[in-house]
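**Student:** After the structure tokens below, expect a handful of questions from me.
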Amino acid sequence: MRTAVTIFPGSNCDRDMIIALKQITGKSPIKLWHKDTEIPNLDLIVIPGGFSFGDYLRCGALAARAPIIKNIKNHISRGGAVLGVCNGFQILVEAKLLPGSLIKNKKLLFTCKDTTLEVQDTIPSPFSWGFKPGELLEIPVAHNEGNFFASKSIIHELENEGRIAFKYKESKNEKNNYNPNGSINNIAGILSANGRVLGMMPHPERVINTFHGGTDGLRFLKTSIEQLVG
Amino acid sequence: MKKKDINHSKQINSELFKINKNEYFVQQISDLKSAMEMGLTKSEFELICNKIHKTPNKTELGIFSAMFSEHCSYKSSKKWLKTMPTEGSHVIQGPGENAGVIDIGDNLAAVFKIESHNHPSFIEPYQGSATGVGGILRDVFTMGARPIALLNALRFGSPDHPLTKHLVSGVIKGIGGYGNCIGIPTVGGETNFHKSYDGNILVNAMAVGLAKKDRIFYSAATGAGNPVIYVGAKTGRDGIHGATMASAEFTEDSSEKRPTVQVGDPFTGKLLLEACLELMNTDTVLSIQDMGAAGLTSSSVEMASKGGLGMHLDLDLVPIREIEMTSYEIMLSESQERMLMILKPGSEEQARSIFKKWDLDFANIGEVTNTGRLILKKNGHVACDIPITPLVEDAPEYNRPYEIVKDLNIIDSQDINTDQTINDILFKMFKTPNIASKKWIWEQYDSSVMADTVICNGNSDAAVVRVHGTDTKDSLGKGISMTTDCTPRYVKADPIMGGMQAVCEAARNIASSGSKPLAITNNLNFGNPEKKDVMGQIVGAIKGISLAASFLKTPIVSGNVSLYNETNGVSILPTPVIGMVGMIDNIENTIGINAKNGYSLILLGQDHNVDDGWLGCSVYQEIICGDFNGAPPPIDLKNEKKIIDLLLTLTNFNLITSAHDISDGGLLPAICDMLFFNSLGIDISLPKTLTEEGAITNKLHGWCFGENQARVIVATKEPKKVLSIVMENSVDCFILGKTNNSGNLNLNNMTTISINDIKKVNETTLPSLMGYKE
């Protein structure tokens with residue numbers, strides 16, 4: 001299993017993701033620098049969270065134009081898998097590798113909290129096929145721009161094609177405000193048309209050890225990697 | 001002035017005028033008037049002229065005024081700061097460096113400090129608080145430590161003051177804006193409201209970092225001839241003379257001082273953090289100092305002074321982002337995200353390549369000299385030539401007159417008359433933002449980035465963060481715990497007792513998380529020290545802090561003083577904030593405040609004998625009477641120590657599952673805090689003396705809401721074992737009862753309190769104050 005984590009100036013979840021992947025695969029993932037113009041053959045590239053280039057423009061807009069993105073596109077066209085978490089999701093959207101956009105949270109406030117995700121019934125995808133539709137995962141979010149927004153036709157398409165991987169779901173302790181950002185249809189993560197690219201706002205790398213208060217992030221990453229290894 | 005000097009300066013000036021008109025005006029000789037505009041007194045100006053044997057030019061005067069400002073020189077507090085206990089076997093570095101350093105075993109050190117950004121945050125809340133966070137982070141990573149956590153102690157004005165909402169919103173966004181972006185979790189702190197902060201809010205930011213014990217970096221310059229390197233962001237005209245602004249009182253036109261507020265850039269901060277830590281892993285850095293208050297001035301002067309050396313800088317080599325900046329502006333700018341370093345000669349290119357990788361400026365701007373002078377060149381001419389020693393060693397130290405004013409009047413519970421029920425009072429308490437949940441605030445901070453946070457914000461009395469890489473086969477790893485505390489109304493009523501209380505509450509909070517208290521950083525926020533009573537608050541609080549810190553063996557290793565927190569002559573409540581750091585050997589044993597169903601709640605530090613609950617200076621008194629007065633609850637250091645040791649013993653035996661210190665509001669709000677999360681209930685059997693015939697309500701209120709110190713509630717599944725250890729330690733205790741699923745807190749059969757109803761008030765108070773409806 002060959003994994004890699006991209007690092008842009010301003011990435012700040014790269015270390016956490018590297019630790020999580022190493023814990024699962026037993027091998028340190030390769031670090032890809034944003035200026036890299038060549039990359040080795042990989043099974044999974046993870047674009048971690050953070051504030052790439054400060055996010056002073058639209059979140060992810062500058063990173064989506066960095067040299068590494070061309071390599072990621074080639075990787076995808078070869079059928080490679082990509083996981084974008086938080087800022088990584090924003091970058092994938094800005095790079096047009098996933099549809100829609102991530103706008104400011106409905107309350108216009110940065111939000112860091114635990115969320116409950118419901119796995120949806122999706123197209124074949126290494127990121128969701130290890131779970132039963134309706135299975136719940138508890139994974140935290142921390143973002144200011146995670147409100148997934150798209151035209152009605154795109155949302156319709158995503159829903160009909162089974163490209164919504166996760167939706168925010170109510171829980172015992174959060175019955176009203178379970179959707180942390182106001183995203184349409186409570187969308188928390190979406191897949192590319194071939195199911196090999198996932199963008200998600202919640203941070204699985206932050207719940208991989210019992211002391212984190214849960215290990216659903218580890219379960220999600222591990223299951224995805226097992227599916228990829230096949 | 002000697003005739004020769006006049007000719008000399010004339011010659012320079014005429015040449016300068018041709019090259020750079022701006023610089024010419026800077027080089028003009030200054031006078032008393034310009035000195036006073038920069039915040040110096042007549043005697044300070046005369047001292048400067050005497051020490052440097054000339055009348056300083058504007059650049060030289062600017063440098064002196066910044067170094068002599070209260071902010072940089074601690075001139076009013078130095079005499080008293082020297083009396084604080086700063087030593088201990090685990091202390092690696094006490095006050096005087098960028099941050100304090102303590103040994104935490106495993107060849108690791110915890111590096112931490114708290115610092116205020118009060119004045120800038122009032123003028124420009126977002127940038128003021130953001131740069132406060134950026135500044136304290138730089139203080140920590142300058143020492144070679146990777147920051148692992150942020151905390152903040154905030155004080156705002158009355159909730160209904162027209163500016164409060166704007167200030168709260170801006171400050172919270174600014175703190176989050178910096179911390180979230182740079183990727184350091186904000187894990188704790190405190191937020192309180194009181195009318196005395198209406199015109200002068202307090203924003204104190206604390207950062208904690210981790211370093212290898214043998215890889216700590218210091219600021220003393222070494223080796224004449226070694227290169228002086230400027231790295232980080234470019235210098236602009238922001239924050240010029242910020243340190244002087246921070247050393248003056250506010251008036252109505254203080255908003256005109258907005259240009260003296262710095263602008264934060266967390267993205268550049270993140271690049272600087274990574275570049276500096278990467279460079280520190282090589283063997284090239286001899287010394288390093290962050291450019292904080294008074295920018296290039298204080299960094300160059302402090303480095304040279306600590307090394308007993310001089311420094312020669314060419315200001316034309318300083319990276320600037322605005323044209324025609326004068327030597328004065330470059331030296332006094334407080335542009336953020338900049339560092340000054342002394343490198344090993346010959347290692348410049350290795351260092352430069354690291355900064356190039358991170359797209360940061362890297363400039364060799366001068367060298368260390370053995371002249372003992374600060375010589376600055378601009379446009380090829382000498383813009384400043386002054387001895388270093390007087391800038392630091394001759395900085396004034398005042399022995400200001402003081403009077404420690406204490407309110408000794410003990411308020412008897414029977415002095416406070418009310419017909420309000422316990423339910424009424426409890427609801428009122430949770431309707432004030434001081435007691436209500438601060439969830440609305442901490443949800444705006446990223447508290448889980450770095451994936452080491454064990455427990456934080458509101459779920460525990462102290463936050464606990466794992467020490468990365470200390471996990472073993474048998475242990476999830478060590479944890480560093482941290483908290484900030486202060487009860488200003490106690491300090492106002494009795495500065496010594498209040499100072500002691502702040503330390504004891506912090507230690508109790510650390511112990512309530514299962515950790516051992518280790519050391520302190522403090523942020524002394526007070527009004528105008530030229531007033532006798534304010535100076536008395538400073539002296540008294542320092543005495544109290546010192547007494548408690550010595551007794552509990554938690555030395556003060558770093559700190560900051562913020563004075564002149566007044567607007568139009570009205571002083572803030574004295575607010576000496578204690579930031580305390582502790583240690584837990586295995587994070588698996590970390591304790592939070594949330595109780596589980598079917599556990600016994602035991603009150604430690606008080607038994608069934610009901611003495612009068614302490615209502616003087618309490619939240620209860622404030623709610624019933626509209627204000628507080630009288631003596632604050634007394635502190636008995638021996639009792640405090642006993643409770644802390646007991647908590648650690650109970651944690652070691654794995655006997656308690658949650659613990660909560662009793663503070664603002666007293667016993668009942670503390671019990672509610674523990675029941676909220678799982679919406680539990682409890683049946684409390686009141687002590688007999690409260691229920692006997694003829695018992696008076698006041699006494700019951702005192703029991704529910706008194707703020708007697710050295711008390712903690714613990715939850716346990718094994719009450720018998722706990723009680724036997726409590727007896728062995730000769731600590732008083734009282735069994736409150738067992739938690740249940742009823743969702744009701746019952747006091748005998750007299751009073752029923754709905755936990756869910758209060759929980760709702762607890763969670764909605766702050767959002768509705770801020771205009772956010774659930």
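Going by the structure tokens order, chains are called A, B, ..., each with residues numbered from 1, while ligands are numbered from 1 in the order shown.
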What's the 10 Å shell around region 57-73 of chain A, counting only C-alpha atoms, without same-chain residues fewer than 3 positions away, as a PyMOL selection string?

**Tutor:** chain A and resi 6-10+32-40+45-47+50-54+76-82+86-97+101-104+144-146

**Student:** Based on only C-alpha atoms, which of the residues in chain A come within 6 Å of chain B? I want them as an MDAnalysis selection string.

**Tutor:** chainID A and resid 10 12 16 51 54 110:112 142 206 211:212

**Student:** I need the residues from that last selection saved to file as a PDB file, in the first residue's frame (with C-alpha atoms), if you can.

**Tutor:**
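Now in again-v4.pdb:
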ATOM      1  CA  GLY A  10      -0.329  26.498   5.630  1.00  0.00           C
ATOM      2  CA  ASN A  12      -1.688  22.011   9.480  1.00  0.00           C
ATOM      3  CA  ASP A  16      -1.871  14.113  12.196  1.00  0.00           C
ATOM      4  CA  PHE A  51      -5.212  26.852   5.706  1.00  0.00           C
ATOM      5  CA  GLY A  54      -3.511  31.239   4.432  1.00  0.00           C
ATOM      6  CA  PHE A 110     -15.757  28.862  12.758  1.00  0.00           C
ATOM      7  CA  THR A 111     -17.117  25.652  14.262  1.00  0.00           C
ATOM      8  CA  CYS A 112     -15.186  22.896  16.018  1.00  0.00           C
ATOM      9  CA  ALA A 142     -13.314  22.186  12.556  1.00  0.00           C
ATOM     10  CA  ARG A 206      -8.426  13.244  14.979  1.00  0.00           C
ATOM     11  CA  PHE A 211      -8.017   9.034  24.483  1.00  0.00           C
ATOM     12  CA  HIS A 212      -9.536  11.043  21.601  1.00  0.00           C
TER      13      HIS A 212
END

**Student:** Leaving out Gly702 (chain B) and any residue of its chain fewer than 4 positions from it, which residues lie within 8 Å of it when counting only C-alpha atoms, given as a list in words?

**Tutor:**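 My list of contacting residues is Ser413, Asp612, Gly613, Trp614, Leu615, Asn698 and Gly706 of chain B.
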
**Student:** Using only C-alpha atoms, determine which residues lie at most 6 Å from Gly94 (chain B), disregarding the query and same-chain residues fewer than 5 positions distant; provide the list as a list in words.

**Tutor:**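 Within the cut-off, the hits are Thr86, Gly100 and Val557 of chain B.
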
**Student:** Could you give me, as a list in words, the residues within 9 Å of Tyr402 (chain B), counting only C-alpha atoms and dropping anything in the same chain fewer than 5 positions from it?

**Tutor:** Pro529, Glu530, Lys531, Lys532, Asp533, Val534, Met535, Gly536, Gln537, Ile538 and Val539 of chain B

**Student:** What are the DSSP strand (DSSP E or B) residues of region 355-477 of chain B, as number ranges by chain?

**Tutor:** B: 361-369, 373-378, 381-387, 453-455, 463-466

**Student:** If you run DSSP over the backbone, which residues in region 99-211 of chain A end up helix (DSSP H, G or I)? Put them as number ranges by chain.

**Tutor:** A: 152-161, 184-186, 204-206, 210-211

**Student:** May I ask for the distance between CA of Arg163 (chain A) and CA of Ile123 (chain A), given in Å to one decimal place?

**Tutor:** 6.3 Å

**Student:** Can you tell me, as an mmCIF file with C-alpha atoms, in the first residue's frame, what residues are no more than 12 Å from Glu159 (chain A) when counting only C-alpha atoms, ignoring any on the same chain fewer than 6 positions away?

**Tutor:**
data_model
loop_
_atom_site.group_PDB
_atom_site.id
_atom_site.type_symbol
_atom_site.label_atom_id
_atom_site.label_comp_id
_atom_site.auth_asym_id
_atom_site.auth_seq_id
_atom_site.Cartn_x
_atom_site.Cartn_y
_atom_site.Cartn_z
ATOM 1 C CA GLN A 120 -25.025 6.720 2.550
ATOM 2 C CA ASP A 121 -25.904 4.160 -0.080
ATOM 3 C CA THR A 122 -23.280 4.995 -2.707
ATOM 4 C CA ILE A 123 -21.758 3.967 -5.988
ATOM 5 C CA ALA A 150 -24.356 23.481 -5.377
ATOM 6 C CA LYS A 152 -30.276 22.050 -7.559
ATOM 7 C CA SER A 153 -29.367 19.960 -10.593
ATOM 8 C CA ALA A 165 -20.808 9.531 0.996
ATOM 9 C CA PHE A 166 -21.806 10.990 4.359
ATOM 10 C CA LYS A 167 -24.545 13.137 5.802
ATOM 11 C CA ILE A 184 -27.573 21.389 1.646
ATOM 12 C CA ASN A 185 -29.195 18.067 2.515
ATOM 13 C CA ASN A 186 -26.787 17.801 5.484
ATOM 14 C CA ILE A 187 -23.999 16.788 3.094
ATOM 15 C CA GLY A 189 -18.752 14.346 2.077
ATOM 16 C CA ILE A 190 -19.111 13.649 -1.641
ATOM 17 C CA LEU A 191 -17.573 11.287 -4.190
ATOM 18 C CA ALA A 193 -18.198 10.132 -10.581
#

**Student:** Write out as a list in words the residues lying within 7 Å of Gly737 (chain B), counting only C-alpha atoms and excluding same-chain residues fewer than 4 positions away.

**Tutor:**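 Surrounding residues, per the criterion: Ser600, Leu601, Ile682, Asp683 and Ile684 of chain B.
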
**Student:** For C-alpha atoms, I'd like the residues from the last selection saved as a PDB file, in the first residue's frame.

**Tutor:**
ATOM      1  CA  SER B 600     -21.636   8.848  44.427  1.00  0.00           C
ATOM      2  CA  LEU B 601     -20.817  12.528  44.623  1.00  0.00           C
ATOM      3  CA  ILE B 682     -29.340  13.477  42.469  1.00  0.00           C
ATOM      4  CA  ASP B 683     -31.111  13.296  45.824  1.00  0.00           C
ATOM      5  CA  ILE B 684     -29.151  15.286  48.342  1.00  0.00           C
TER       6      ILE B 684
END
